[in-house]
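Asks: So here's model_25.cif (mmCIF, C-alpha atoms and all ligand atoms).
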```
data_target
loop_
_atom_site.group_PDB
_atom_site.id
_atom_site.type_symbol
_atom_site.label_atom_id
_atom_site.label_comp_id
_atom_site.auth_asym_id
_atom_site.auth_seq_id
_atom_site.Cartn_x
_atom_site.Cartn_y
_atom_site.Cartn_z
ATOM 1 C CA MET A 255 25.298 -4.126 -5.387
ATOM 2 C CA ILE A 256 22.629 -2.710 -3.060
ATOM 3 C CA SER A 257 20.994 0.509 -4.286
ATOM 4 C CA ILE A 258 19.134 2.575 -1.689
ATOM 5 C CA ILE A 259 16.682 5.141 -3.040
ATOM 6 C CA GLY A 260 16.470 7.982 -0.511
ATOM 7 C CA SER A 261 19.379 9.205 1.653
ATOM 8 C CA GLY A 262 17.345 10.285 4.654
ATOM 9 C CA ARG A 263 17.558 8.889 8.205
ATOM 10 C CA VAL A 264 16.308 5.428 7.266
ATOM 11 C CA GLY A 265 18.190 5.016 3.973
ATOM 12 C CA THR A 266 21.506 6.074 5.517
ATOM 13 C CA ALA A 267 21.008 3.880 8.598
ATOM 14 C CA ILE A 268 20.439 0.894 6.288
ATOM 15 C CA ALA A 269 23.514 1.860 4.263
ATOM 16 C CA PHE A 270 25.582 2.135 7.454
ATOM 17 C CA LEU A 271 24.534 -1.357 8.614
ATOM 18 C CA CYS A 272 25.244 -2.908 5.180
ATOM 19 C CA ILE A 273 28.664 -1.231 4.867
ATOM 20 C CA SER A 274 29.863 -1.745 8.453
ATOM 21 C CA ASN A 275 28.946 -5.443 8.059
ATOM 22 C CA SER A 276 30.687 -5.627 4.641
ATOM 23 C CA LEU A 277 27.557 -7.028 2.982
ATOM 24 C CA ASP A 278 28.110 -5.571 -0.513
ATOM 25 C CA ASP A 279 28.789 -2.344 -2.435
ATOM 26 C CA VAL A 280 26.134 0.309 -1.765
ATOM 27 C CA LEU A 281 24.821 3.082 -4.015
ATOM 28 C CA LEU A 282 22.893 5.893 -2.332
ATOM 29 C CA VAL A 283 20.461 7.545 -4.789
ATOM 30 C CA ASN A 284 18.946 10.861 -3.760
ATOM 31 C CA ARG A 285 17.187 13.794 -5.473
ATOM 32 C CA THR A 286 19.777 16.082 -3.881
ATOM 33 C CA LYS A 287 23.098 14.785 -5.219
ATOM 34 C CA THR A 288 25.258 16.534 -2.603
ATOM 35 C CA LYS A 289 23.291 14.818 0.197
ATOM 36 C CA ALA A 290 23.924 11.384 -1.323
ATOM 37 C CA ILE A 291 27.607 12.144 -1.883
ATOM 38 C CA GLY A 292 28.016 13.582 1.622
ATOM 39 C CA GLU A 293 26.414 10.562 3.293
ATOM 40 C CA ALA A 294 28.562 8.213 1.191
ATOM 41 C CA LEU A 295 31.680 10.147 2.205
ATOM 42 C CA ASP A 296 30.744 9.773 5.876
ATOM 43 C CA ILE A 297 29.744 6.064 5.727
ATOM 44 C CA SER A 298 32.927 5.283 3.743
ATOM 45 C CA ASN A 299 34.726 5.730 7.057
ATOM 46 C CA ALA A 300 32.750 2.796 8.479
ATOM 47 C CA ILE A 301 34.165 0.318 5.928
ATOM 48 C CA PRO A 302 36.108 -2.333 7.895
ATOM 49 C CA GLU A 303 39.836 -2.328 7.197
ATOM 50 C CA LYS A 304 40.027 -5.644 5.319
ATOM 51 C CA SER A 305 36.725 -5.147 3.487
ATOM 52 C CA ASN A 306 36.381 -4.755 -0.302
ATOM 53 C CA VAL A 307 33.003 -3.018 -0.200
ATOM 54 C CA SER A 308 32.471 0.599 -1.265
ATOM 55 C CA ILE A 309 29.701 3.192 -1.066
ATOM 56 C CA ARG A 310 28.909 5.948 -3.572
ATOM 57 C CA GLY A 311 26.243 8.660 -3.796
ATOM 58 C CA THR A 312 24.410 9.922 -6.879
ATOM 59 C CA ASP A 313 21.247 11.555 -8.234
ATOM 60 C CA ASP A 314 21.538 9.551 -11.466
ATOM 61 C CA PHE A 315 19.124 6.588 -11.595
ATOM 62 C CA SER A 316 20.997 4.981 -14.484
ATOM 63 C CA LYS A 317 23.751 4.078 -11.987
ATOM 64 C CA ILE A 318 21.459 1.453 -10.350
ATOM 65 C CA SER A 319 21.803 -0.716 -13.471
ATOM 66 C CA ASP A 320 23.642 -3.713 -11.926
ATOM 67 C CA SER A 321 21.850 -3.739 -8.576
ATOM 68 C CA ASP A 322 20.968 -7.101 -7.040
ATOM 69 C CA ILE A 323 18.775 -5.391 -4.445
ATOM 70 C CA VAL A 324 17.018 -2.005 -4.543
ATOM 71 C CA VAL A 325 15.654 -0.547 -1.291
ATOM 72 C CA VAL A 326 13.024 2.206 -1.623
ATOM 73 C CA THR A 327 13.026 4.518 1.419
ATOM 74 C CA ALA A 328 12.278 7.838 -0.311
ATOM 75 C CA SER A 329 9.583 10.155 1.039
ATOM 76 C CA THR A 330 7.939 13.259 -0.402
ATOM 77 C CA GLY A 331 7.024 14.741 2.957
ATOM 78 C CA ILE A 332 6.023 14.317 6.593
ATOM 79 C CA TYR A 333 2.842 12.615 7.870
ATOM 80 C CA LEU A 334 1.604 13.259 11.394
ATOM 81 C CA LYS A 335 -1.744 11.534 11.986
ATOM 82 C CA ASN A 336 -1.693 8.631 9.535
ATOM 83 C CA ARG A 337 0.787 7.027 7.152
ATOM 84 C CA THR A 338 -1.657 7.562 4.239
ATOM 85 C CA GLU A 339 -1.680 11.374 4.607
ATOM 86 C CA ILE A 340 0.873 11.867 1.803
ATOM 87 C CA MET A 341 -0.321 8.903 -0.274
ATOM 88 C CA ASP A 342 -0.956 10.914 -3.462
ATOM 89 C CA THR A 343 2.575 12.294 -3.760
ATOM 90 C CA GLN A 344 4.069 8.970 -2.615
ATOM 91 C CA ILE A 345 2.198 7.149 -5.381
ATOM 92 C CA LEU A 346 3.529 9.548 -8.035
ATOM 93 C CA MET A 347 7.015 8.982 -6.613
ATOM 94 C CA ILE A 348 6.750 5.173 -6.515
ATOM 95 C CA LYS A 349 5.497 5.080 -10.114
ATOM 96 C CA GLU A 350 8.537 7.082 -11.254
ATOM 97 C CA ILE A 351 10.872 4.837 -9.256
ATOM 98 C CA ALA A 352 9.128 1.768 -10.690
ATOM 99 C CA LYS A 353 9.778 3.060 -14.212
ATOM 100 C CA GLN A 354 13.469 3.600 -13.447
ATOM 101 C CA ILE A 355 13.912 0.182 -11.847
ATOM 102 C CA LYS A 356 12.049 -1.554 -14.684
ATOM 103 C CA LYS A 357 14.408 0.203 -17.115
ATOM 104 C CA HIS A 358 17.729 -0.202 -15.296
ATOM 105 C CA CYS A 359 17.540 -3.338 -13.120
ATOM 106 C CA PRO A 360 14.394 -5.425 -13.782
ATOM 107 C CA SER A 361 15.934 -8.565 -12.235
ATOM 108 C CA ALA A 362 16.703 -6.958 -8.854
ATOM 109 C CA ILE A 363 14.846 -7.847 -5.650
ATOM 110 C CA ILE A 364 12.935 -4.793 -4.443
ATOM 111 C CA LEU A 365 12.448 -3.915 -0.774
ATOM 112 C CA ILE A 366 9.780 -1.281 -0.195
ATOM 113 C CA VAL A 367 10.109 0.710 3.053
ATOM 114 C CA SER A 368 8.341 3.972 2.101
ATOM 115 C CA ASN A 369 4.824 4.626 3.389
ATOM 116 C CA PRO A 370 1.971 3.935 3.060
ATOM 117 C CA LEU A 371 3.866 0.653 2.895
ATOM 118 C CA ASP A 372 1.246 -1.860 1.777
ATOM 119 C CA VAL A 373 -0.297 0.432 -0.865
ATOM 120 C CA LEU A 374 3.135 1.310 -2.294
ATOM 121 C CA THR A 375 4.219 -2.358 -2.330
ATOM 122 C CA TYR A 376 1.040 -3.259 -4.225
ATOM 123 C CA ILE A 377 1.296 -0.370 -6.725
ATOM 124 C CA PHE A 378 5.001 -1.016 -7.337
ATOM 125 C CA GLN A 379 4.373 -4.692 -8.164
ATOM 126 C CA LYS A 380 1.427 -3.846 -10.461
ATOM 127 C CA GLU A 381 3.361 -1.058 -12.224
ATOM 128 C CA THR A 382 6.442 -3.198 -12.870
ATOM 129 C CA GLN A 383 4.725 -6.591 -13.203
ATOM 130 C CA LEU A 384 7.800 -8.042 -11.469
ATOM 131 C CA SER A 385 7.196 -11.414 -9.822
ATOM 132 C CA ARG A 386 5.458 -10.779 -6.496
ATOM 133 C CA ASN A 387 8.243 -12.847 -4.909
ATOM 134 C CA LYS A 388 10.694 -10.097 -5.868
ATOM 135 C CA VAL A 389 8.738 -7.209 -4.269
ATOM 136 C CA ILE A 390 8.859 -7.258 -0.451
ATOM 137 C CA GLY A 391 7.334 -4.620 1.842
ATOM 138 C CA ILE A 392 9.267 -4.286 5.095
ATOM 139 C CA ALA A 393 7.230 -3.304 8.105
ATOM 140 C CA SER A 394 5.372 -6.168 9.822
ATOM 141 C CA SER A 395 8.649 -7.523 11.220
ATOM 142 C CA LEU A 396 9.201 -4.052 12.724
ATOM 143 C CA ASP A 397 5.657 -4.065 14.142
ATOM 144 C CA SER A 398 6.317 -7.544 15.559
ATOM 145 C CA SER A 399 9.486 -6.327 17.321
ATOM 146 C CA ARG A 400 7.437 -3.514 18.872
ATOM 147 C CA PHE A 401 4.829 -6.041 20.014
ATOM 148 C CA ARG A 402 7.604 -8.098 21.634
ATOM 149 C CA TYR A 403 9.155 -5.016 23.297
ATOM 150 C CA LEU A 404 5.830 -3.799 24.711
ATOM 151 C CA LEU A 405 5.029 -7.248 26.137
ATOM 152 C CA SER A 406 8.509 -7.508 27.689
ATOM 153 C CA GLU A 407 7.948 -4.132 29.354
ATOM 154 C CA LYS A 408 4.473 -5.061 30.571
ATOM 155 C CA PHE A 409 5.572 -8.376 32.078
ATOM 156 C CA ASN A 410 8.965 -7.074 33.170
ATOM 157 C CA VAL A 411 10.915 -9.790 31.343
ATOM 158 C CA LYS A 412 13.766 -9.771 28.807
ATOM 159 C CA GLN A 413 12.675 -9.571 25.175
ATOM 160 C CA SER A 414 14.270 -13.025 24.658
ATOM 161 C CA GLN A 415 11.652 -14.462 27.039
ATOM 162 C CA ILE A 416 8.905 -13.388 24.621
ATOM 163 C CA THR A 417 8.575 -15.705 21.600
ATOM 164 C CA ASP A 418 6.271 -15.862 18.556
ATOM 165 C CA ALA A 419 5.257 -12.211 18.903
ATOM 166 C CA ILE A 420 3.873 -11.738 15.382
ATOM 167 C CA VAL A 421 1.943 -8.818 13.849
ATOM 168 C CA LEU A 422 0.206 -9.290 10.482
ATOM 169 C CA GLY A 423 -1.877 -7.129 8.142
ATOM 170 C CA GLU A 424 -1.599 -3.417 7.422
ATOM 171 C CA HIS A 425 1.424 -1.438 8.533
ATOM 172 C CA GLY A 426 -1.111 0.926 9.987
ATOM 173 C CA ASP A 427 -3.963 1.282 12.493
ATOM 174 C CA SER A 428 -5.617 -1.990 11.410
ATOM 175 C CA MET A 429 -2.507 -4.178 12.024
ATOM 176 C CA VAL A 430 -3.194 -7.450 13.876
ATOM 177 C CA PRO A 431 -0.990 -8.569 16.816
ATOM 178 C CA LEU A 432 -1.455 -12.344 17.230
ATOM 179 C CA PHE A 433 -2.044 -12.837 20.971
ATOM 180 C CA SER A 434 -3.098 -16.443 20.319
ATOM 181 C CA ARG A 435 0.482 -17.363 19.387
ATOM 182 C CA VAL A 436 2.759 -15.304 21.601
ATOM 183 C CA LYS A 437 4.453 -17.000 24.597
ATOM 184 C CA ILE A 438 6.227 -15.805 27.730
ATOM 185 C CA ASN A 439 8.792 -18.340 28.924
ATOM 186 C CA GLN A 440 7.062 -20.882 26.631
ATOM 187 C CA LYS A 441 3.685 -20.216 28.336
ATOM 188 C CA ASN A 442 0.775 -19.012 26.170
ATOM 189 C CA ILE A 443 0.033 -15.387 27.016
ATOM 190 C CA LEU A 444 -3.754 -15.757 26.834
ATOM 191 C CA GLU A 445 -3.656 -17.230 30.341
ATOM 192 C CA LEU A 446 -1.847 -14.129 31.617
ATOM 193 C CA ILE A 447 -3.629 -11.215 29.983
ATOM 194 C CA THR A 448 -7.209 -9.868 29.911
ATOM 195 C CA GLU A 449 -9.069 -8.791 26.752
ATOM 196 C CA GLU A 450 -8.872 -5.209 27.968
ATOM 197 C CA GLU A 451 -5.094 -5.494 28.321
ATOM 198 C CA GLU A 452 -4.912 -6.990 24.809
ATOM 199 C CA LYS A 453 -6.720 -3.937 23.436
ATOM 200 C CA ILE A 454 -4.341 -1.585 25.246
ATOM 201 C CA ILE A 455 -1.246 -3.387 23.937
ATOM 202 C CA SER A 456 -2.675 -3.510 20.390
ATOM 203 C CA THR A 457 -3.249 0.240 20.451
ATOM 204 C CA GLU A 458 0.260 0.817 21.770
ATOM 205 C CA VAL A 459 1.745 -1.262 18.919
ATOM 206 C CA GLN A 460 -0.325 0.633 16.347
ATOM 207 C CA ASN A 461 0.667 4.021 17.811
ATOM 208 C CA TYR A 462 4.326 3.223 18.531
ATOM 209 C CA TRP A 463 5.425 5.334 15.541
ATOM 210 C CA LYS A 464 3.539 8.352 16.979
ATOM 211 C CA SER A 465 5.563 8.104 20.219
ATOM 212 C CA LEU A 466 8.731 8.184 18.124
ATOM 213 C CA ARG A 467 7.328 11.136 16.145
ATOM 214 C CA LEU A 468 6.737 12.987 19.411
ATOM 215 C CA LEU A 469 10.064 12.119 21.048
ATOM 216 C CA LYS A 470 12.580 12.078 18.175
ATOM 217 C CA SER A 471 10.779 13.204 14.972
ATOM 218 C CA ARG A 472 10.560 9.780 13.277
ATOM 219 C CA SER A 473 11.661 6.139 13.442
ATOM 220 C CA GLN A 474 15.051 5.171 12.068
ATOM 221 C CA PHE A 475 17.051 2.321 13.634
ATOM 222 C CA GLY A 476 14.292 -0.276 14.093
ATOM 223 C CA ILE A 477 13.139 -0.156 10.477
ATOM 224 C CA ALA A 478 16.770 0.006 9.314
ATOM 225 C CA LYS A 479 17.731 -3.161 11.196
ATOM 226 C CA HIS A 480 14.699 -5.100 9.948
ATOM 227 C CA THR A 481 15.485 -4.056 6.383
ATOM 228 C CA PHE A 482 19.154 -4.982 6.887
ATOM 229 C CA ASP A 483 18.105 -8.453 8.131
ATOM 230 C CA VAL A 484 16.244 -9.054 4.848
ATOM 231 C CA ILE A 485 19.156 -7.754 2.747
ATOM 232 C CA LYS A 486 21.530 -10.061 4.652
ATOM 233 C CA SER A 487 19.227 -13.057 4.159
ATOM 234 C CA ILE A 488 19.168 -12.409 0.394
ATOM 235 C CA ILE A 489 22.928 -11.830 0.033
ATOM 236 C CA LYS A 490 23.974 -14.717 2.318
ATOM 237 C CA ASN A 491 21.125 -16.952 1.064
ATOM 238 C CA ASN A 492 20.179 -17.763 4.670
ATOM 239 C CA ASP A 493 16.459 -18.514 5.108
ATOM 240 C CA LEU A 494 14.701 -15.806 7.114
ATOM 241 C CA THR A 495 11.095 -16.286 8.282
ATOM 242 C CA ILE A 496 9.366 -12.996 9.097
ATOM 243 C CA PRO A 497 6.049 -11.269 8.436
ATOM 244 C CA ALA A 498 6.384 -8.961 5.412
ATOM 245 C CA SER A 499 4.050 -7.262 2.941
ATOM 246 C CA ILE A 500 3.546 -9.231 -0.286
ATOM 247 C CA VAL A 501 0.860 -9.156 -2.992
ATOM 248 C CA LEU A 502 -1.585 -11.960 -2.075
ATOM 249 C CA ASN A 503 -2.939 -14.545 -4.546
ATOM 250 C CA GLY A 504 -5.603 -16.056 -2.295
ATOM 251 C CA GLU A 505 -3.535 -16.655 0.835
ATOM 252 C CA TYR A 506 -5.605 -15.970 3.976
ATOM 253 C CA GLY A 507 -8.562 -15.677 1.591
ATOM 254 C CA GLU A 508 -7.287 -12.411 0.095
ATOM 255 C CA LYS A 509 -6.420 -11.177 -3.411
ATOM 256 C CA GLU A 510 -5.664 -7.819 -5.037
ATOM 257 C CA VAL A 511 -3.944 -6.463 -1.938
ATOM 258 C CA SER A 512 -0.466 -6.431 -0.391
ATOM 259 C CA MET A 513 -0.230 -6.888 3.381
ATOM 260 C CA GLY A 514 1.971 -8.388 6.077
ATOM 261 C CA ILE A 515 1.885 -12.186 6.235
ATOM 262 C CA PRO A 516 4.522 -14.742 7.287
ATOM 263 C CA VAL A 517 7.022 -15.491 4.497
ATOM 264 C CA LYS A 518 10.333 -17.292 4.119
ATOM 265 C CA ILE A 519 13.020 -15.196 2.372
ATOM 266 C CA ASN A 520 16.346 -16.151 0.768
ATOM 267 C CA ARG A 521 18.429 -15.329 -2.323
ATOM 268 C CA GLN A 522 15.360 -15.739 -4.577
ATOM 269 C CA GLY A 523 13.345 -13.186 -2.598
ATOM 270 C CA ILE A 524 10.121 -14.712 -1.208
ATOM 271 C CA LYS A 525 10.830 -18.460 -1.171
ATOM 272 C CA GLU A 526 7.581 -19.479 0.515
ATOM 273 C CA VAL A 527 4.316 -17.963 1.836
ATOM 274 C CA LEU A 528 3.353 -19.476 5.195
ATOM 275 C CA GLU A 529 -0.297 -19.919 6.212
ATOM 276 C CA ILE A 530 -0.349 -20.090 10.009
ATOM 277 C CA LYS A 531 -3.258 -20.892 12.353
ATOM 278 C CA LEU A 532 -5.268 -17.877 13.539
ATOM 279 C CA ASN A 533 -8.215 -17.797 15.922
ATOM 280 C CA GLU A 534 -11.598 -16.567 14.664
ATOM 281 C CA SER A 535 -11.107 -13.045 15.993
ATOM 282 C CA GLU A 536 -7.680 -12.732 14.341
ATOM 283 C CA LYS A 537 -9.077 -14.012 11.028
ATOM 284 C CA GLU A 538 -11.801 -11.350 11.183
ATOM 285 C CA LEU A 539 -9.337 -8.576 12.077
ATOM 286 C CA LEU A 540 -7.051 -9.632 9.218
ATOM 287 C CA LYS A 541 -9.970 -9.415 6.761
ATOM 288 C CA ILE A 542 -10.721 -5.911 8.013
ATOM 289 C CA SER A 543 -7.041 -5.010 7.622
ATOM 290 C CA ALA A 544 -6.933 -6.284 4.028
ATOM 291 C CA GLN A 545 -10.084 -4.315 3.210
ATOM 292 C CA THR A 546 -8.621 -1.168 4.797
ATOM 293 C CA ILE A 547 -5.610 -1.383 2.479
ATOM 294 C CA ARG A 548 -7.858 -2.189 -0.520
ATOM 295 C CA ASN A 549 -10.003 0.862 0.230
ATOM 296 C CA ASN A 550 -6.879 3.034 0.131
ATOM 297 C CA ILE A 551 -5.801 1.454 -3.168
ATOM 298 C CA LYS A 552 -9.263 2.205 -4.594
ATOM 299 C CA LEU A 553 -8.818 5.893 -3.705
ATOM 300 C CA LEU A 554 -5.996 6.139 -6.266
HETATM 301 C C1 LIG A 601 7.239 3.330 11.492
HETATM 302 C C2 LIG A 601 7.456 3.715 10.057
HETATM 303 C C3 LIG A 601 8.635 2.980 9.506
HETATM 304 O O1 LIG A 601 6.340 2.522 11.750
HETATM 305 O O2 LIG A 601 6.282 3.453 9.275
HETATM 306 O O3 LIG A 601 8.030 3.791 12.320
#
```
What does the file become when written as structure tokens?
Ligand code: LAC
Replies:
Amino acid sequence: MISIIGSGRVGTAIAFLCISNSLDDVLLVNRTKTKAIGEALDISNAIPEKSNVSIRGTDDFSKISDSDIVVVTASTGIYLKNRTEIMDTQILMIKEIAKQIKKHCPSAIILIVSNPLDVLTYIFQKETQLSRNKVIGIASSLDSSRFRYLLSEKFNVKQSQITDAIVLGEHGDSMVPLFSRVKINQKNILELITEEEEKIISTEVQNYWKSLRLLKSRSQFGIAKHTFDVIKSIIKNNDLTIPASIVLNGEYGEKEVSMGIPVKINRQGIKEVLEIKLNESEKELLKISAQTIRNNIKLL
């Protein structure tokens, strides 16, 4: 069973993708019970005819007890300038959720989506002491898809013509798009773009969420699909290699922080941490990103 904590735009979009693809039974958990029940009633109509999956809504955490996967999308409020604006209330929330998950389904794989993503992923893993391979923060794969989209727009090509568009580090202003790796039609982009253009694209990737905030209130489908891809990889046991936030034990020279790095995911959760080649500037930016997240953790 897949339990989704939070029945807002993101949680319900994830539930819809899981149910309409018959991945597994889904439980929507929400503070407001009627909201969870209402969304489950609606999404029940997206269950394919020959499918055996079901979806239920509740406000009772004890119902998550036999979850294989728990997705945390809950939010205590709106942030406008920075994803860390509501960090204090989000931390209180994640600690409560951690207690419930530790009590009801300690062997589940946990996908953190709530912001500030890297801080919450780190705090959740420390609070529960679950294996770091079972606590995955979903965001850098979303940032990477934005990087790919923005490059396809700039060069007027299909997104499929952009490969190895990877963003690592904080799901925030210090995230690091890897220009040294990305290719257009198999050609390294560094031959096609100036440093000034790199800076512009980097800023656009970092601020993508603000454009969505301005145009449609907040992101929904991108983050939902990237979370669904991880859920599918776990349930189908198909290896998926993406950047995701994980608590580091020395990889990329970092400890005591969770941030987006390349990982291989399957039924076990994080199967492997991948150390890829970065140029000197990217290494430096990644260090700054790790320290930015650590500074936020220290504020708690
Ligand atoms: C965003 C949210 C998911 O980047 O943090 O849209």
Asks: Can you list what the PyMOL selection byres (((not hetatm)) within 8 of (chain A and resi 601)) grabs from this structure, as a CSV table (one decimal) with C-alpha atoms, keeping the file's coordinate frame?
Replies:
```
chain,number,residue,atom,x,y,z
A,337,ARG,CA,0.8,7.0,7.2
A,367,VAL,CA,10.1,0.7,3.1
A,368,SER,CA,8.3,4.0,2.1
A,369,ASN,CA,4.8,4.6,3.4
A,370,PRO,CA,2.0,3.9,3.1
A,371,LEU,CA,3.9,0.7,2.9
A,393,ALA,CA,7.2,-3.3,8.1
A,396,LEU,CA,9.2,-4.1,12.7
A,397,ASP,CA,5.7,-4.1,14.1
A,425,HIS,CA,1.4,-1.4,8.5
A,426,GLY,CA,-1.1,0.9,10.0
A,462,TYR,CA,4.3,3.2,18.5
A,463,TRP,CA,5.4,5.3,15.5
A,464,LYS,CA,3.5,8.4,17.0
A,466,LEU,CA,8.7,8.2,18.1
A,472,ARG,CA,10.6,9.8,13.3
A,473,SER,CA,11.7,6.1,13.4
A,474,GLN,CA,15.1,5.2,12.1
A,476,GLY,CA,14.3,-0.3,14.1
A,477,ILE,CA,13.1,-0.2,10.5
```
Asks: Might you spell out which residues the PyMOL selection byres (((chain A and resi 534-549) around 10) and not hetatm) would select in the displayed file, as JSON, numbers by chain?
Replies: {"A": [338, 370, 371, 372, 373, 376, 422, 423, 424, 425, 426, 427, 428, 429, 430, 431, 432, 433, 434, 502, 506, 507, 508, 509, 510, 511, 512, 513, 514, 515, 531, 532, 533, 550, 551, 552, 553, 554]}
Asks: At a cut-off of 9 Å around the point (21.8, 11.1, -2.0) (file coordinates), what residues fall inside when counting only C-alpha atoms? I'd like the answer as a list in words.
Replies: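 I get Ile258, Ile259, Gly260, Ser261, Gly262, Leu281, Leu282, Val283, Asn284, Arg285, Thr286, Lys287, Thr288, Lys289, Ala290, Ile291, Gly292, Glu293, Ala294, Arg310, Gly311, Thr312 and Asp313 of chain A for the residues within 9 Å of that point.
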Asks: Now that the selection is made, can you save its residues with C-alpha atoms as a PDB file, in the coordinates of the input?
Replies:
```pdb
ATOM      1  CA  ILE A 258      19.134   2.575  -1.689  1.00  0.00           C
ATOM      2  CA  ILE A 259      16.682   5.141  -3.040  1.00  0.00           C
ATOM      3  CA  GLY A 260      16.470   7.982  -0.511  1.00  0.00           C
ATOM      4  CA  SER A 261      19.379   9.205   1.653  1.00  0.00           C
ATOM      5  CA  GLY A 262      17.345  10.285   4.654  1.00  0.00           C
ATOM      6  CA  LEU A 281      24.821   3.082  -4.015  1.00  0.00           C
ATOM      7  CA  LEU A 282      22.893   5.893  -2.332  1.00  0.00           C
ATOM      8  CA  VAL A 283      20.461   7.545  -4.789  1.00  0.00           C
ATOM      9  CA  ASN A 284      18.946  10.861  -3.760  1.00  0.00           C
ATOM     10  CA  ARG A 285      17.187  13.794  -5.473  1.00  0.00           C
ATOM     11  CA  THR A 286      19.777  16.082  -3.881  1.00  0.00           C
ATOM     12  CA  LYS A 287      23.098  14.785  -5.219  1.00  0.00           C
ATOM     13  CA  THR A 288      25.258  16.534  -2.603  1.00  0.00           C
ATOM     14  CA  LYS A 289      23.291  14.818   0.197  1.00  0.00           C
ATOM     15  CA  ALA A 290      23.924  11.384  -1.323  1.00  0.00           C
ATOM     16  CA  ILE A 291      27.607  12.144  -1.883  1.00  0.00           C
ATOM     17  CA  GLY A 292      28.016  13.582   1.622  1.00  0.00           C
ATOM     18  CA  GLU A 293      26.414  10.562   3.293  1.00  0.00           C
ATOM     19  CA  ALA A 294      28.562   8.213   1.191  1.00  0.00           C
ATOM     20  CA  ARG A 310      28.909   5.948  -3.572  1.00  0.00           C
ATOM     21  CA  GLY A 311      26.243   8.660  -3.796  1.00  0.00           C
ATOM     22  CA  THR A 312      24.410   9.922  -6.879  1.00  0.00           C
ATOM     23  CA  ASP A 313      21.247  11.555  -8.234  1.00  0.00           C
TER      24      ASP A 313
END
```
Asks: Residues within 12 Å of (6.6, -4.6, 26.2), file coordinates, counting only C-alpha atoms: what are they? Give the list as a ChimeraX atom specification.
Replies: /A:398-416,419,438,451-452,454-456,458-459,462
Asks: Apply the PyMOL selection byres (((chain A and resi 495) around 8) and not hetatm) to the structure shown and report the selected residues as a PyMOL selection string.
Replies: chain A and resi 493-494+496-497+516-519
Asks: How many Å separate atom CA of Ile268 of chain A from atom CA of Glu526 of chain A?
Replies: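 Between these atoms lies a distance of 24.8 Å.
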Asks: Kindly give the distance, in Å, that separates atom CA of Arg467 of chain A and atom CA of Gly331 of chain A, rounded to a single decimal.
Replies: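 Result for atom CA of Arg467 of chain A versus atom CA of Gly331 of chain A: 13.7 Å, one decimal.
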Asks: Pick out the closest residue to His480 of chain A from this set: A:Ser395, A:Thr417, A:Thr457, A:Ser274. Count only C-alpha atoms.
Replies: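 The closest residue to His480 of chain A is A:Ser395.
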Asks: Of the candidates A:Ser329, A:Ser257, A:Asn275, A:Glu450, which one gets nearest to Cys359 of chain A if we count all atoms listed in the file?
Replies: A:Ser257
Asks: So which one's closest to Val280 of chain A, A:Lys479, A:Arg263, A:His358, A:Lys317? Using all atoms listed in the file, please.
Replies: A:Lys317
Asks: In Å, with one decimal, what is the gap from atom CA of Phe378 of chain A to atom CA of Ser394 of chain A?
Replies: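 Distance between the two atoms: 17.9 Å.
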Asks: Pick out the closest residue to Thr266 of chain A from this set: A:Ile332, A:Asn520, A:Ile489, A:Phe482. Count all atoms listed in the file.
Replies: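 With all atoms listed in the file as the atom set, the closest residue is A:Phe482.
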Asks: Show which residues sit within 12 Å of Asn299 of chain A, as a ChimeraX atom specification. Count all atoms listed in the file, and ignore same-chain residues fewer than 3 positions away.
Replies: /A:270,273-274,292-296,302-303,305,307-309
Asks: Skipping near chain neighbours, those fewer than 4 positions away, what residues fall within 8 Å of Thr375 of chain A using only C-alpha atoms, listed as a PyMOL selection string?
Replies: chain A and resi 366+371+379+389-391+499-501+512
Asks: Using only C-alpha atoms, which residue out of A:Met341, A:Leu468, A:Leu444, A:Ile488 lies closest to Arg521 of chain A?
Replies: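 Going through A:Met341, A:Leu468, A:Leu444, A:Ile488 one by one, the smallest distance to Arg521 of chain A is for A:Ile488.
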Asks: Once 4 Å is added on each side, what centre and edge lengths in Å to one decimal does the axis-aligned box around all listed atoms of segment 474-484 of chain A have, as lines of an AutoDock Vina configuration file?
Replies:
```
center_x = 16.1
center_y = -1.9
center_z = 9.5
size_x = 14.0
size_y = 22.2
size_z = 17.2
```
Asks: Which one is closest to Ala328 of chain A: A:Val264, A:Lys304, A:Asn439, A:Ser276? Count only C-alpha atoms.
Replies: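 The closest residue to Ala328 of chain A is A:Val264.
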